[in-house]
Amino acid sequence: MATAGDASSGLISYSTYSSFSDQLIDKYDAFILDQFGVLHNGAFALDGAVELVEYLSRQKQKKLIILSNTSAPSHKAMAKLPKLGFEQNLFIGAVTSGEEASKHIRETYGRNSKAVMFTWDSSDVNNPRLTATPQAFLDHCGGLQVASTVEEADFLLLHGSEVWYRGKNMEPLSLGCFLKEGLTDEIIDPILRQCIDQNLPAVCANPDIIVQTPSGGTNFMPGKIAERYIEMGATNVRLFGKPQPEHFEACLRELDLPAGRVAHVGDSLHHDIFGANAAGIPSIFVSSGIHSPQLGADFGVMPEKHLLDDLFDKEGGIVPAHVVPAFRR
C-alpha cells in the first residue's frame with residue numbers, strides 16, 4: 001500500500017493498492033460493487049473479477065451487493081450475472097437505477113399514462129445493452145403505455161439511447177448516430193423541442209453519460225440525452241441511480257451495516273466516487289475503467305501518482321479513499 005495526495009496538491013490523501021489485497025479487504029465488512037468497468041464490460045467478466053467475487057464471499061465472508069446505473073429492473077440485472085460467469089447467490093441483491101425509476105413511475109403515473117420512450121433496440125436479441133426488453137420494463141412500471149406521438153404523451157422516458165419505441169405494432173424510430181457519436185441535432189433535438197413545447201417532465205432510468213464498450217470504444221447513454229433536455233430548457237427531469245445518495249443508502253439498508261463498515265467499488269469519479277463520498281461511504285476507485293484513457297495505464301497497472309492527482313483535480317477535486325488498478329487480487 002502507498003499513500004498519495006498531499007497538502008501541496010490541495011487534494012485529500014488517498015491510498016493506493018497494487019491489487020485488491022487482504023490489507024484492503026479486511027478494512028470493510030461489505031462491498032457495494034459497480035458492474036460495468038469493475039465486474040464486467042457488458043459482454044464478459046473482466047480479468048480476475050469472478051475469482052475475486054468468490055474469494056470475498058466464500059473465503060472472507062464479505063457481503064456483496066450490486067449498485068448499477070442500468071435501466072433494467074434489479075431481478076433482470078441479477079439474472080444476467082451467470083451469463084457473465086458470476087454466481088448469482090454470492091450477491092445479496094442489486095439496486096439498479098431502472099428499479100428505482102420504475103417504482104417512481106408506478107407511484108407517479110397511472111396505468112393509462114403514456115410515455116415517449118427512448119430505449120434499446122430489441123430487434124437484435126444479442127444486443128449487449130438489452131438486459132430487459134422495452135416491453136418488459138413497461139410491464140414492470142405497472143402496465144405503462146407508449147406514445148406514438150409527443151402530443152399524446154404524459155412524460156418522456158429515457159430508458160436507452162438507440163430507438164424511440166412506439167409499441168409492438170409500429171416500427172421503432174432510430175435515434176441515428178447518437179449511441180456511437182453522441183450527436184443530437186438531427187433526430188433527438190427536434191423531438192426534445194416538441195417535448196418542451198408540451199411541457200413534458202422526464203424520467204431518466206440510466207443517468208450514465210458515456211460508457212466503455214467490450215471492444216474498447218465508447219457508447220453515449222440516456223444521461224446525456226437528459227443533460228441535453230435540461231440544456232434546452234426542461235425543468236422537470238428526474239434522474240435515478242448514481243450519484244444520487246439515496247441509492248447508496250438503499251444498499252446500506254439491504255446490507256444492514258453502517259456506512260463506515262462498507263466500501264463502494266467503482267470506476268466513474270462522477271457517478272461512483274462522488275456519490276459514495278456524498279453518502280459518507282468509503283470509495284475504491286478502479287483506475288482501468290472509464291477514466292483509463294486519461295490515465296494512460298494498461299489494465300491492471302497502477303497509474304503514476306501525478307496522473308491520478310491531475311485527474312482528481314481536473315474532475316473537480318473528487319478523491320476516493322483508495323485506488324486499485326483493477327478489481328482482482
# chains A, B, ... in the order shown; residues from 1 in each chain; ligands from 1
$ residues_around --residues "range 68-82 of chain A" --least-positions-apart "6" --cutoff "7 Å" --atoms "only C-alpha atoms" --output "list in words"
Asp34, Gln35, Gln88, Ala94, Val95, Thr96, Ser97, Gly98, Glu99, Thr131, Ala132, His159, Ala205, Asn206, Pro207, Asp208, Gly241 and Lys242 of chain A
$ write_last_selection --atoms "all heavy atoms" --output "compact mmCIF listing (two decimals), in the first residue's frame"
# COMPACT_ATOMS: atom_id res chain seq x y z
N ASP A 34 -20.02 -1.70 -8.38
CA ASP A 34 -20.46 -1.27 -9.70
C ASP A 34 -20.33 -2.46 -10.64
O ASP A 34 -19.53 -3.38 -10.40
CB ASP A 34 -19.58 -0.10 -10.16
CG ASP A 34 -19.94 0.41 -11.54
OD1 ASP A 34 -21.12 0.33 -11.92
OD2 ASP A 34 -19.02 0.88 -12.24
N GLN A 35 -21.07 -2.46 -11.74
CA GLN A 35 -20.96 -3.56 -12.71
C GLN A 35 -19.96 -3.24 -13.82
O GLN A 35 -18.86 -3.80 -13.85
CB GLN A 35 -22.34 -3.85 -13.33
CG GLN A 35 -23.31 -4.53 -12.41
CD GLN A 35 -24.42 -5.21 -13.20
OE1 GLN A 35 -24.36 -6.40 -13.52
NE2 GLN A 35 -25.46 -4.45 -13.52
N GLN A 88 -24.83 -16.08 -8.99
CA GLN A 88 -25.80 -15.11 -8.52
C GLN A 88 -25.95 -15.13 -7.00
O GLN A 88 -26.14 -14.09 -6.37
CB GLN A 88 -27.15 -15.41 -9.19
CG GLN A 88 -28.23 -14.38 -8.92
CD GLN A 88 -29.49 -14.66 -9.74
OE1 GLN A 88 -29.43 -15.27 -10.80
NE2 GLN A 88 -30.63 -14.23 -9.25
N ALA A 94 -29.31 -6.55 -5.72
CA ALA A 94 -28.87 -5.44 -6.58
C ALA A 94 -29.82 -4.27 -6.44
O ALA A 94 -31.04 -4.44 -6.29
CB ALA A 94 -28.82 -5.89 -8.05
N VAL A 95 -29.25 -3.08 -6.46
CA VAL A 95 -30.03 -1.85 -6.54
C VAL A 95 -29.69 -1.23 -7.88
O VAL A 95 -28.53 -0.92 -8.16
CB VAL A 95 -29.67 -0.88 -5.39
CG1 VAL A 95 -30.37 0.47 -5.60
CG2 VAL A 95 -30.05 -1.48 -4.04
N THR A 96 -30.69 -1.09 -8.76
CA THR A 96 -30.44 -0.54 -10.09
C THR A 96 -31.24 0.75 -10.29
O THR A 96 -32.29 0.94 -9.69
CB THR A 96 -30.82 -1.53 -11.20
OG1 THR A 96 -32.25 -1.66 -11.26
CG2 THR A 96 -30.20 -2.91 -10.96
N SER A 97 -30.71 1.60 -11.15
CA SER A 97 -31.43 2.83 -11.47
C SER A 97 -32.77 2.53 -12.13
O SER A 97 -33.76 3.24 -11.92
CB SER A 97 -30.57 3.73 -12.36
OG SER A 97 -30.15 3.03 -13.52
N GLY A 98 -32.82 1.45 -12.91
CA GLY A 98 -34.07 1.06 -13.55
C GLY A 98 -35.14 0.65 -12.55
O GLY A 98 -36.32 0.97 -12.72
N GLU A 99 -34.72 -0.06 -11.51
CA GLU A 99 -35.67 -0.47 -10.47
C GLU A 99 -36.25 0.75 -9.75
O GLU A 99 -37.46 0.86 -9.54
CB GLU A 99 -34.97 -1.37 -9.46
CG GLU A 99 -35.90 -1.96 -8.40
CD GLU A 99 -36.89 -2.96 -8.98
OE1 GLU A 99 -36.49 -3.78 -9.85
OE2 GLU A 99 -38.07 -2.90 -8.59
N THR A 131 -30.58 -5.83 -21.38
CA THR A 131 -30.78 -6.70 -20.21
C THR A 131 -32.25 -7.05 -20.06
O THR A 131 -32.61 -8.15 -19.65
CB THR A 131 -30.26 -6.01 -18.94
OG1 THR A 131 -28.89 -5.67 -19.13
CG2 THR A 131 -30.36 -6.93 -17.73
N ALA A 132 -33.13 -6.10 -20.37
CA ALA A 132 -34.57 -6.33 -20.35
C ALA A 132 -35.18 -5.63 -21.56
O ALA A 132 -34.75 -4.55 -21.94
CB ALA A 132 -35.20 -5.79 -19.07
N HIS A 159 -34.89 5.51 -21.23
CA HIS A 159 -34.55 4.15 -20.79
C HIS A 159 -33.32 3.62 -21.52
O HIS A 159 -32.56 2.82 -20.98
CB HIS A 159 -35.76 3.24 -21.04
CG HIS A 159 -35.56 1.80 -20.72
ND1 HIS A 159 -35.25 0.86 -21.68
CD2 HIS A 159 -35.61 1.14 -19.54
CE1 HIS A 159 -35.14 -0.33 -21.12
NE2 HIS A 159 -35.36 -0.19 -19.82
N ALA A 205 -33.90 6.62 -16.56
CA ALA A 205 -33.65 5.36 -15.86
C ALA A 205 -32.20 4.92 -15.91
O ALA A 205 -31.84 3.90 -15.31
CB ALA A 205 -34.54 4.26 -16.45
N ASN A 206 -31.36 5.65 -16.64
CA ASN A 206 -29.93 5.37 -16.68
C ASN A 206 -29.20 6.70 -16.84
O ASN A 206 -29.15 7.24 -17.94
CB ASN A 206 -29.59 4.42 -17.84
CG ASN A 206 -28.11 4.06 -17.89
OD1 ASN A 206 -27.27 4.81 -17.41
ND2 ASN A 206 -27.79 2.93 -18.49
N PRO A 207 -28.63 7.23 -15.74
CA PRO A 207 -28.03 8.57 -15.80
C PRO A 207 -26.61 8.61 -16.35
O PRO A 207 -26.01 9.68 -16.39
CB PRO A 207 -28.06 9.00 -14.34
CG PRO A 207 -27.83 7.72 -13.60
CD PRO A 207 -28.57 6.67 -14.39
N ASP A 208 -26.07 7.46 -16.76
CA ASP A 208 -24.71 7.47 -17.32
C ASP A 208 -24.66 8.36 -18.56
O ASP A 208 -25.61 8.41 -19.35
CB ASP A 208 -24.27 6.06 -17.71
CG ASP A 208 -23.81 5.24 -16.52
OD1 ASP A 208 -23.59 5.83 -15.44
OD2 ASP A 208 -23.68 4.01 -16.65
N GLY A 241 -30.41 6.69 -9.97
CA GLY A 241 -29.14 5.97 -9.97
C GLY A 241 -28.02 6.83 -9.41
O GLY A 241 -28.23 7.91 -8.86
N LYS A 242 -26.82 6.31 -9.52
CA LYS A 242 -25.65 7.05 -9.05
C LYS A 242 -25.48 8.33 -9.87
O LYS A 242 -25.74 8.31 -11.05
CB LYS A 242 -24.39 6.16 -9.21
CG LYS A 242 -24.45 4.86 -8.44
CD LYS A 242 -23.28 3.95 -8.77
CE LYS A 242 -23.36 3.40 -10.19
NZ LYS A 242 -22.31 2.42 -10.49
$ residues_around --residues "Ala278 in chain A" --least-positions-apart "3" --cutoff "9 Å" --atoms "only C-alpha atoms" --output "list in words"
Pro243, Gln244, Pro245, Ile273, Phe274, Gly275 and Ile281 of chain A
$ select_by_dssp --residues "range 6-231 of chain A" --states "strand (DSSP E or B)" --output "number ranges by chain"
A: 14-16, 30-33, 36, 40, 45, 63-68, 94-96, 114-119, 145-146, 155-158, 163-165, 173-174, 202-204, 210-212, 218-220
$ residues_around --residues "Ser102 in chain A" --least-positions-apart "4" --cutoff "7 Å" --atoms "only C-alpha atoms" --output "JSON list (two decimals) with all heavy atoms, in the first residue's frame"
[["chain", "number", "residue", "atom", "x", "y", "z"],
["A", 98, "GLY", "N", -32.82, 1.45, -12.91],
["A", 98, "GLY", "CA", -34.07, 1.06, -13.55],
["A", 98, "GLY", "C", -35.14, 0.65, -12.55],
["A", 98, "GLY", "O", -36.32, 0.97, -12.72],
["A", 106, "ARG", "N", -44.49, 3.91, -11.27],
["A", 106, "ARG", "CA", -45.69, 3.25, -10.73],
["A", 106, "ARG", "C", -46.42, 4.16, -9.75],
["A", 106, "ARG", "O", -47.66, 4.20, -9.72],
["A", 106, "ARG", "CB", -45.33, 1.93, -10.04],
["A", 106, "ARG", "CG", -44.91, 0.83, -10.98],
["A", 106, "ARG", "CD", -44.94, -0.54, -10.30],
["A", 106, "ARG", "NE", -44.06, -0.62, -9.14],
["A", 106, "ARG", "CZ", -42.78, -0.98, -9.18],
["A", 106, "ARG", "NH1", -42.23, -1.29, -10.34],
["A", 106, "ARG", "NH2", -42.07, -1.05, -8.07],
["A", 140, "HIS", "N", -43.11, -3.77, -15.94],
["A", 140, "HIS", "CA", -42.60, -3.61, -14.57],
["A", 140, "HIS", "C", -43.00, -2.25, -14.00],
["A", 140, "HIS", "O", -43.04, -2.08, -12.78],
["A", 140, "HIS", "CB", -41.07, -3.75, -14.58],
["A", 140, "HIS", "CG", -40.47, -3.99, -13.24],
["A", 140, "HIS", "ND1", -40.72, -5.13, -12.50],
["A", 140, "HIS", "CD2", -39.64, -3.23, -12.46],
["A", 140, "HIS", "CE1", -40.07, -5.08, -11.36],
["A", 140, "HIS", "NE2", -39.41, -3.93, -11.31],
["A", 141, "CYS", "N", -43.31, -1.31, -14.87],
["A", 141, "CYS", "CA", -43.77, 0.01, -14.43],
["A", 141, "CYS", "C", -45.26, 0.03, -14.16],
["A", 141, "CYS", "O", -45.85, 1.11, -13.97],
["A", 141, "CYS", "CB", -43.43, 1.07, -15.50],
["A", 141, "CYS", "SG", -41.67, 1.43, -15.64]]
$ closest_residue --among "A:Gly42, A:Pro128, A:Pro320, A:Gly217" --to "Val265 in chain A" --atoms "only C-alpha atoms"
A:Pro320
$ select_by_dssp --residues "range 190-323 of chain A" --states "alpha helix (DSSP H)" --output "PyMOL selection string"
chain A and resi 190-197+222-231+245-255+274-278+292-295+305-314
